[in-house]
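Engineer: Quick one: the structure is below, questions incoming.
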Amino acid sequence: MGDSNTPHIYLIPIPINDESIDTIPQRTLEVTKSLDVFIVERAKTARAYLKLIGHPLAMNDIDILEIPRDEIDTQVSPTLKEKFLLNKNVGIMSEAGCPGVADPGATIVNIARSLGFQIVAEVGPSSILLALMASGFSGQSFHFHGYLSNKKPILAQELKQIEKSILHKGDTHIFIEAPYRNEFLLEQICNNLNPQLWLNLSIDLNSNNESHLSHRIGAWKNLDFQQFHKRPAVFLLGRKQ
């Protein structure tokens, strides 16, 4: 854990799904309950989670700073500097899953490190890794792209680059999309890629409806994409091992 006299920044994973509080390890829960300062992606979600786990303090006694959309450094640095001087530990929480992975938490980590905080990553669920584990694709070489373009011509180019990489290297490519745009992305994948490539769709992870669908793209063309509307999903393109 390092120097106990140095303030810590704890990266705190939270459940991917409201049904899956049991996916959070006891140590991570204990660390979360020990803190009274949090920097979060969305304050409303953070308060709901802290109440759910039974945080011992009243919400009015917890200092919650929402990560701003713009000028993160200038808005967050003064608060973190103040907490450092007060020797206060701080938690960072995402909307779901692991902070710093596909969310703005990474910027906060860099600010905190420059101020002298010790960085501690806690254990918890990541939808990206869970989907990769269940895909049957290569876990030795993989790329996470975040969101691909929502512009058809650019998206087609991005998908073709991914296809080229898979065919030459056999690596796995992972990306996400806003749930209401799942159908659009599936249609573009089917329209632009080699029908022999494999697509895995991991849906509703850590919920009672979790499912992992893996087919060649040629077979995906025969499915009704409406069934995936507004369902959180992780997309993976690759080869079967």
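If you're wondering about the labels, chains in the structure tokens are A, B, ... by order shown, residues count from 1 in each chain, ligands from 1 in order shown.
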Which residues are near Leu193 (chain A)? Cut-off 10 Å, only C-alpha atoms, ignore same chain within fewer than 4 positions. Put them as an MDAnalysis selection string.
Structural biologist: chainID A and resid 156 159:160 162:164 188:189 197:198 217:218
Engineer: Quick one: pick out all strand (DSSP E or B) residues within region 4-206 of chain A from a backbone DSSP run and write them as number ranges by chain.
Structural biologist: A: 8-12, 14, 37-40, 63-66, 90-93, 97, 118-121, 142-147, 172-176, 198-203
Engineer: Would you mind reading off the distance between CA of Ile64 (chain A) and CA of His145 (chain A), one decimal, in Å?
Structural biologist: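 Answer for the CA of Ile64 (chain A) to CA of His145 (chain A) separation: 29.6 Å.
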Engineer: Here is a test: counting only C-alpha atoms, which residue of A:Ile72, A:Val90, A:Leu52, A:Ala58 is nearest to Ile39 (chain A)?
Structural biologist: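 The shortest atom-to-atom distance to Ile39 (chain A) comes from A:Val90.
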Engineer: Counting only C-alpha atoms, which residue out of A:Lys240, A:Lys151, A:Ser135, A:Arg27 sits closest to Phe184 (chain A)?
Structural biologist: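 The closest residue to Phe184 (chain A) is A:Lys151.
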